[in-house]
$ cat my_file28.txt   # compact mmCIF, C-alpha atoms
# COMPACT_ATOMS: atom_id res chain seq x y z
CA MET E 1 115.18 107.95 64.37
CA ILE E 2 115.89 110.55 67.04
CA GLU E 3 119.04 108.61 67.97
CA ASN E 4 120.40 109.00 64.42
CA PHE E 5 119.69 112.72 64.53
CA ILE E 6 121.53 113.13 67.86
CA LEU E 7 124.49 111.04 66.67
CA GLY E 8 124.70 113.11 63.47
CA LEU E 9 124.53 116.35 65.46
CA ILE E 10 127.30 115.21 67.83
CA ALA E 11 129.51 114.04 64.92
CA SER E 12 128.98 117.33 63.05
CA THR E 13 129.81 119.33 66.17
CA ILE E 14 133.04 117.39 66.77
CA VAL E 15 134.14 117.78 63.13
CA GLY E 16 133.26 121.48 63.18
CA ILE E 17 135.30 122.10 66.34
CA ALA E 18 138.26 120.13 64.94
CA LEU E 19 138.21 122.14 61.70
CA TRP E 20 137.95 125.39 63.65
CA LEU E 21 140.98 124.48 65.76
CA PHE E 22 143.32 123.23 63.06
CA LEU E 23 142.52 125.18 59.90
CA PRO E 24 143.86 128.71 59.35
CA ARG E 25 141.33 131.50 59.63
CA GLY E 26 142.58 134.44 57.67
CA VAL E 27 146.01 134.93 59.24
CA VAL E 28 147.99 136.82 56.66
CA ILE E 29 150.98 139.11 56.46
CA THR E 30 151.01 141.16 53.28
CA ARG E 31 154.00 142.81 51.67
CA SER E 32 153.98 146.09 49.85
CA LYS E 33 156.63 148.42 48.54
CA PRO E 34 157.89 150.98 49.01
CA ALA E 35 157.51 152.08 52.59
CA LYS E 36 156.81 155.76 53.19
CA ASP E 37 158.53 158.04 55.66
CA ASP E 38 156.87 160.56 58.00
CA TYR E 39 156.51 163.05 55.14
CA GLY E 40 154.88 160.54 52.77
CA GLU E 41 157.97 160.15 50.60
CA PRO E 42 158.92 156.62 49.47
CA ILE E 43 161.91 155.01 51.16
CA PRO E 44 164.21 153.46 48.53
CA ASP E 45 164.71 149.66 48.58
CA SER E 46 162.06 149.18 51.27
CA TRP E 47 159.17 146.85 51.96
CA VAL E 48 156.38 146.80 54.53
CA LEU E 49 155.19 143.54 56.07
CA ARG E 50 151.78 144.26 57.59
CA ASN E 51 149.49 142.00 59.63
CA GLU E 52 146.23 142.38 57.71
CA SER E 53 144.34 139.79 59.71
CA PRO E 54 142.06 140.33 62.70
CA LEU E 55 144.25 137.96 64.73
CA PRO E 56 147.71 138.47 66.24
CA VAL E 57 150.57 136.80 64.39
CA GLN E 58 153.60 135.17 65.99
CA ILE E 59 156.82 135.20 63.98
CA LEU E 60 158.60 131.86 64.22
CA ARG E 61 161.73 132.29 62.14
CA VAL E 62 163.42 134.80 59.88
CA ARG E 63 166.28 133.77 57.66
CA TYR E 64 168.04 135.19 54.63
CA THR E 65 170.19 134.19 51.71
CA GLY E 66 172.05 136.20 49.15
CA PHE E 67 175.35 137.31 47.78
CA SER E 68 176.92 137.53 51.24
CA THR E 69 175.90 133.95 52.16
CA ILE E 70 177.59 132.11 49.30
CA VAL E 71 179.82 129.27 50.56
CA ASN E 72 181.69 127.16 48.00
CA GLU E 73 179.52 128.52 45.18
CA THR E 74 176.31 127.49 47.01
CA LEU E 75 173.72 129.83 48.49
CA ARG E 76 173.16 129.10 52.19
CA TRP E 77 170.25 130.20 54.37
CA ARG E 78 171.28 132.02 57.55
CA PRO E 79 169.02 132.71 60.53
CA LEU E 80 168.34 136.30 61.48
CA THR E 81 167.35 137.37 65.00
CA PRO E 82 165.38 140.56 65.72
CA ASP E 83 168.42 142.36 67.14
CA GLN E 84 170.45 141.49 64.00
CA LEU E 85 167.65 142.77 61.78
CA THR E 86 168.40 146.35 62.81
CA ASP E 87 172.12 146.01 61.85
CA GLU E 88 173.79 146.23 58.46
CA PRO E 89 173.04 145.18 55.76
CA PHE E 90 169.38 145.16 56.89
CA ASP E 91 167.48 148.03 58.39
CA ALA E 92 164.14 147.44 60.11
CA MET E 93 161.69 149.29 62.30
CA LEU E 94 158.20 148.61 63.57
CA ASP E 95 155.36 150.67 62.19
CA SER E 96 152.32 150.36 64.45
CA ASP E 97 148.96 151.69 63.32
CA VAL E 98 147.34 150.44 66.50
CA GLY E 99 150.12 151.25 68.93
CA GLY E 100 152.03 149.12 71.36
CA GLY E 101 154.74 148.13 68.90
CA GLU E 102 157.82 146.43 70.32
CA VAL E 103 161.45 147.42 69.95
CA LEU E 104 163.25 144.92 67.71
CA SER E 105 166.68 145.37 69.26
CA ALA E 106 165.31 144.30 72.66
CA HIS E 107 164.69 140.73 71.42
CA GLU E 108 167.40 138.12 70.98
CA SER E 109 165.03 135.55 69.46
CA TRP E 110 161.67 135.48 67.72
CA ARG E 111 160.13 133.46 70.55
CA GLY E 112 157.20 135.43 71.91
CA PHE E 113 157.47 138.20 69.30
CA ARG E 114 153.97 139.06 68.08
CA MET E 115 152.50 141.44 65.57
CA THR E 116 149.05 142.69 66.52
CA PRO E 117 146.46 143.41 63.81
CA GLY E 118 147.51 146.47 61.81
CA ASP E 119 151.15 146.41 62.92
CA GLY E 120 153.81 146.52 60.25
CA LEU E 121 157.50 145.79 59.91
CA VAL E 122 159.36 148.22 57.62
CA LEU E 123 162.44 146.61 56.05
CA ARG E 124 165.21 147.95 53.87
CA MET E 125 166.56 145.02 51.91
CA PRO E 126 170.10 144.83 50.57
CA ASN E 127 170.66 144.07 46.90
CA ASN E 128 170.74 140.43 45.83
CA HIS E 129 169.27 139.08 49.09
CA THR E 130 166.10 137.14 49.88
CA LEU E 131 164.43 137.30 53.28
CA GLU E 132 162.04 134.57 54.41
CA VAL E 133 159.63 135.15 57.31
CA ARG E 134 157.85 132.11 58.77
CA TYR E 135 154.84 132.86 60.96
CA ARG E 136 151.63 131.45 62.41
CA ARG E 137 148.54 132.48 64.29
CA ALA E 138 149.44 133.45 67.86
CA GLY E 139 148.25 131.29 70.70
CA TRP E 140 147.80 127.56 71.14
CA VAL E 141 145.24 127.25 68.32
CA GLY E 142 147.91 128.19 65.75
CA ILE E 143 150.30 125.39 66.67
CA PHE E 144 149.67 123.42 63.45
CA GLU E 145 149.60 126.45 61.17
CA ARG E 146 152.68 127.62 59.27
CA ARG E 147 152.89 130.30 56.62
CA THR E 148 155.84 131.82 54.81
CA ILE E 149 156.42 135.10 53.02
CA LYS E 150 159.55 135.99 51.02
CA ILE E 151 160.97 139.37 50.11
CA HIS E 152 163.53 139.77 47.36
CA GLY E 153 165.97 142.66 47.49
CA PHE E 154 166.43 144.71 44.36
CA ALA E 155 168.81 143.15 41.85
$ encode --input "my_file28.txt" --output "structure tokens"
Amino acid sequence: MIENFILGLIASTIVGIALWLFLPRGVVITRSKPAKDDYGEPIPDSWVLRNESPLPVQILRVRYTGFSTIVNETLRWRPLTPDQLTDEPFDAMLDSDVGGGEVLSAHESWRGFRMTPGDGLVLRMPNNHTLEVRYRRAGWVGIFERRTIKIHGFA
């Protein structure tokens, strides 16, 4: 009888630890529009991607498609690096409520780029473009987690 109880306790503990490791726990980037400038005025054609979770988020990939990516009448996805995100036709800057935000133009890839809780990414989207941001929970426990958020530029 006691053996069954101990075996059940061990099995429950193993399952609980496995679920804790591999299931997402509230990692979320929200989007809102429009962004506001230092005076509280809305910035036209802008979005804010904010890390609303209590955990840091690692951005894995950013890509876009739109009018400028049409090849042979087919829309193609093109990758976008952090240093390209600050160039035309996009305009981006980090908005950090907590502090310690990074400079986008200093990164050539998304590897190692993290958004701490409360940090935001302010984006001005060109017309007729869609931006896709793929992210996960930072650290080794987020290896199996993948989430995606899309932003559509004004048509």
$ closest_residue --input "my_file28.txt" --among "E:Ile43, E:Leu55, E:Ile149, E:Ala138" --to "Val122 of chain E" --atoms "all atoms listed in the file"
E:Ile43
$ closest_residue --input "my_file28.txt" --among "E:Arg50, E:Arg76, E:His152, E:Lys33" --to "Leu131 of chain E" --atoms "only C-alpha atoms"
E:His152
$ closest_residue --input "my_file28.txt" --among "E:Thr69, E:Ser12, E:Thr116, E:Thr81" --to "Val133 of chain E" --atoms "only C-alpha atoms"
E:Thr81
$ closest_residue --input "my_file28.txt" --among "E:Ser32, E:Thr86, E:Thr148, E:Ser68" --to "Asn127 of chain E" --atoms "only C-alpha atoms"
E:Ser68
$ closest_residue --input "my_file28.txt" --among "E:Val62, E:Leu85, E:Val28, E:Val71" --to "Arg136 of chain E" --atoms "all atoms listed in the file"
E:Val28
$ closest_residue --input "my_file28.txt" --among "E:Met125, E:Ile2, E:Ala35, E:Met115" --to "Tyr64 of chain E" --atoms "all atoms listed in the file"
E:Met125
$ atom_distance --input "my_file28.txt" --atom1 "atom CA of Gly40 of chain E" --atom2 "atom CA of Asp119 of chain E"
17.8 Å
$ atom_distance --input "my_file28.txt" --atom1 "atom CA of Arg31 of chain E" --atom2 "atom CA of Leu49 of chain E"
4.6 Å
$ atom_distance --input "my_file28.txt" --atom1 "atom CA of Lys150 of chain E" --atom2 "atom CA of Glu73 of chain E"
22.1 Å
$ axis_aligned_box --input "my_file28.txt" --around "segment 59-64 of chain E" --padding-each-side "8 Å" --output "lines of an AutoDock Vina configuration file"
center_x = 162.4
center_y = 133.5
center_z = 59.4
size_x = 27.2
size_y = 19.3
size_z = 25.6
$ residues_around --input "my_file28.txt" --residues "Tyr135 of chain E" --least-positions-apart "5" --cutoff "6 Å" --atoms "only C-alpha atoms" --output "PyMOL selection string"
chain E and resi 58-60+146-147
$ build_atoms --input "my_file28.txt" --residues "segment 136-147 of chain E" --atoms "all heavy atoms" --output "JSON list (two decimals), in the frame of the given file"
[["chain", "number", "residue", "atom", "x", "y", "z"],
["E", 136, "ARG", "N", 152.87, 132.18, 62.16],
["E", 136, "ARG", "CA", 151.63, 131.45, 62.41],
["E", 136, "ARG", "C", 150.70, 132.31, 63.25],
["E", 136, "ARG", "O", 151.09, 133.37, 63.74],
["E", 136, "ARG", "CB", 151.91, 130.13, 63.13],
["E", 136, "ARG", "CG", 152.38, 130.30, 64.57],
["E", 136, "ARG", "CD", 152.52, 128.93, 65.23],
["E", 136, "ARG", "NE", 153.00, 129.00, 66.57],
["E", 136, "ARG", "CZ", 152.23, 129.12, 67.66],
["E", 136, "ARG", "NH1", 150.93, 129.22, 67.54],
["E", 136, "ARG", "NH2", 152.77, 129.14, 68.87],
["E", 137, "ARG", "N", 149.50, 131.82, 63.42],
["E", 137, "ARG", "CA", 148.54, 132.48, 64.29],
["E", 137, "ARG", "C", 149.03, 132.38, 65.73],
["E", 137, "ARG", "O", 149.50, 131.33, 66.16],
["E", 137, "ARG", "CB", 147.20, 131.77, 64.13],
["E", 137, "ARG", "CG", 146.08, 132.34, 64.88],
["E", 137, "ARG", "CD", 144.78, 131.64, 64.57],
["E", 137, "ARG", "NE", 144.95, 130.40, 63.83],
["E", 137, "ARG", "CZ", 144.05, 129.45, 63.80],
["E", 137, "ARG", "NH1", 142.93, 129.56, 64.44],
["E", 137, "ARG", "NH2", 144.26, 128.35, 63.10],
["E", 138, "ALA", "N", 148.97, 133.46, 66.47],
["E", 138, "ALA", "CA", 149.44, 133.45, 67.86],
["E", 138, "ALA", "C", 148.50, 132.63, 68.73],
["E", 138, "ALA", "O", 147.31, 132.51, 68.45],
["E", 138, "ALA", "CB", 149.54, 134.88, 68.38],
["E", 139, "GLY", "N", 149.05, 132.08, 69.77],
["E", 139, "GLY", "CA", 148.25, 131.29, 70.70],
["E", 139, "GLY", "C", 148.33, 129.81, 70.40],
["E", 139, "GLY", "O", 148.91, 129.37, 69.41],
["E", 140, "TRP", "N", 147.71, 129.01, 71.26],
["E", 140, "TRP", "CA", 147.80, 127.56, 71.14],
["E", 140, "TRP", "C", 147.02, 127.02, 69.95],
["E", 140, "TRP", "O", 147.32, 125.94, 69.46],
["E", 140, "TRP", "CB", 147.37, 126.89, 72.42],
["E", 140, "TRP", "CG", 145.92, 127.10, 72.75],
["E", 140, "TRP", "CD1", 145.37, 128.14, 73.44],
["E", 140, "TRP", "CD2", 144.83, 126.26, 72.38],
["E", 140, "TRP", "NE1", 144.02, 128.00, 73.53],
["E", 140, "TRP", "CE2", 143.65, 126.85, 72.88],
["E", 140, "TRP", "CE3", 144.72, 125.08, 71.67],
["E", 140, "TRP", "CZ2", 142.39, 126.31, 72.70],
["E", 140, "TRP", "CZ3", 143.46, 124.53, 71.49],
["E", 140, "TRP", "CH2", 142.32, 125.15, 72.01],
["E", 141, "VAL", "N", 146.02, 127.75, 69.46],
["E", 141, "VAL", "CA", 145.24, 127.25, 68.32],
["E", 141, "VAL", "C", 146.01, 127.35, 67.00],
["E", 141, "VAL", "O", 145.61, 126.75, 66.01],
["E", 141, "VAL", "CB", 143.88, 127.97, 68.20],
["E", 141, "VAL", "CG1", 142.99, 127.60, 69.35],
["E", 141, "VAL", "CG2", 144.06, 129.45, 68.11],
["E", 142, "GLY", "N", 147.12, 128.07, 66.97],
["E", 142, "GLY", "CA", 147.91, 128.19, 65.75],
["E", 142, "GLY", "C", 149.09, 127.26, 65.69],
["E", 142, "GLY", "O", 149.97, 127.42, 64.83],
["E", 143, "ILE", "N", 149.14, 126.28, 66.58],
["E", 143, "ILE", "CA", 150.30, 125.39, 66.67],
["E", 143, "ILE", "C", 150.55, 124.65, 65.36],
["E", 143, "ILE", "O", 151.68, 124.49, 64.93],
["E", 143, "ILE", "CB", 150.13, 124.40, 67.84],
["E", 143, "ILE", "CG1", 150.26, 125.14, 69.15],
["E", 143, "ILE", "CG2", 151.14, 123.28, 67.75],
["E", 143, "ILE", "CD1", 149.99, 124.30, 70.36],
["E", 144, "PHE", "N", 149.51, 124.21, 64.66],
["E", 144, "PHE", "CA", 149.67, 123.42, 63.45],
["E", 144, "PHE", "C", 149.70, 124.28, 62.19],
["E", 144, "PHE", "O", 149.76, 123.74, 61.09],
["E", 144, "PHE", "CB", 148.56, 122.38, 63.35],
["E", 144, "PHE", "CG", 148.60, 121.40, 64.47],
["E", 144, "PHE", "CD1", 147.63, 121.40, 65.46],
["E", 144, "PHE", "CD2", 149.63, 120.49, 64.57],
["E", 144, "PHE", "CE1", 147.67, 120.50, 66.50],
["E", 144, "PHE", "CE2", 149.69, 119.58, 65.62],
["E", 144, "PHE", "CZ", 148.71, 119.59, 66.58],
["E", 145, "GLU", "N", 149.64, 125.57, 62.33],
["E", 145, "GLU", "CA", 149.60, 126.45, 61.17],
["E", 145, "GLU", "C", 150.98, 127.03, 60.91],
["E", 145, "GLU", "O", 151.65, 127.49, 61.82],
["E", 145, "GLU", "CB", 148.61, 127.59, 61.44],
["E", 145, "GLU", "CG", 148.49, 128.56, 60.33],
["E", 145, "GLU", "CD", 147.50, 129.66, 60.64],
["E", 145, "GLU", "OE1", 146.83, 129.58, 61.68],
["E", 145, "GLU", "OE2", 147.42, 130.59, 59.85],
["E", 146, "ARG", "N", 151.41, 127.02, 59.67],
["E", 146, "ARG", "CA", 152.68, 127.62, 59.27],
["E", 146, "ARG", "C", 152.49, 128.33, 57.94],
["E", 146, "ARG", "O", 151.95, 127.74, 57.00],
["E", 146, "ARG", "CB", 153.79, 126.57, 59.11],
["E", 146, "ARG", "CG", 154.11, 125.79, 60.37],
["E", 146, "ARG", "CD", 154.80, 126.69, 61.39],
["E", 146, "ARG", "NE", 155.21, 125.95, 62.56],
["E", 146, "ARG", "CZ", 154.50, 125.79, 63.66],
["E", 146, "ARG", "NH1", 153.30, 126.29, 63.73],
["E", 146, "ARG", "NH2", 154.97, 125.15, 64.69],
["E", 147, "ARG", "N", 152.93, 129.55, 57.87],
["E", 147, "ARG", "CA", 152.89, 130.30, 56.62],
["E", 147, "ARG", "C", 154.24, 130.96, 56.41],
["E", 147, "ARG", "O", 154.96, 131.23, 57.36],
["E", 147, "ARG", "CB", 151.79, 131.35, 56.65],
["E", 147, "ARG", "CG", 150.42, 130.71, 56.70],
["E", 147, "ARG", "CD", 149.35, 131.74, 56.57],
["E", 147, "ARG", "NE", 148.07, 131.07, 56.72],
["E", 147, "ARG", "CZ", 147.04, 131.29, 55.94],
["E", 147, "ARG", "NH1", 147.14, 132.17, 54.98],
["E", 147, "ARG", "NH2", 145.93, 130.66, 56.12]]
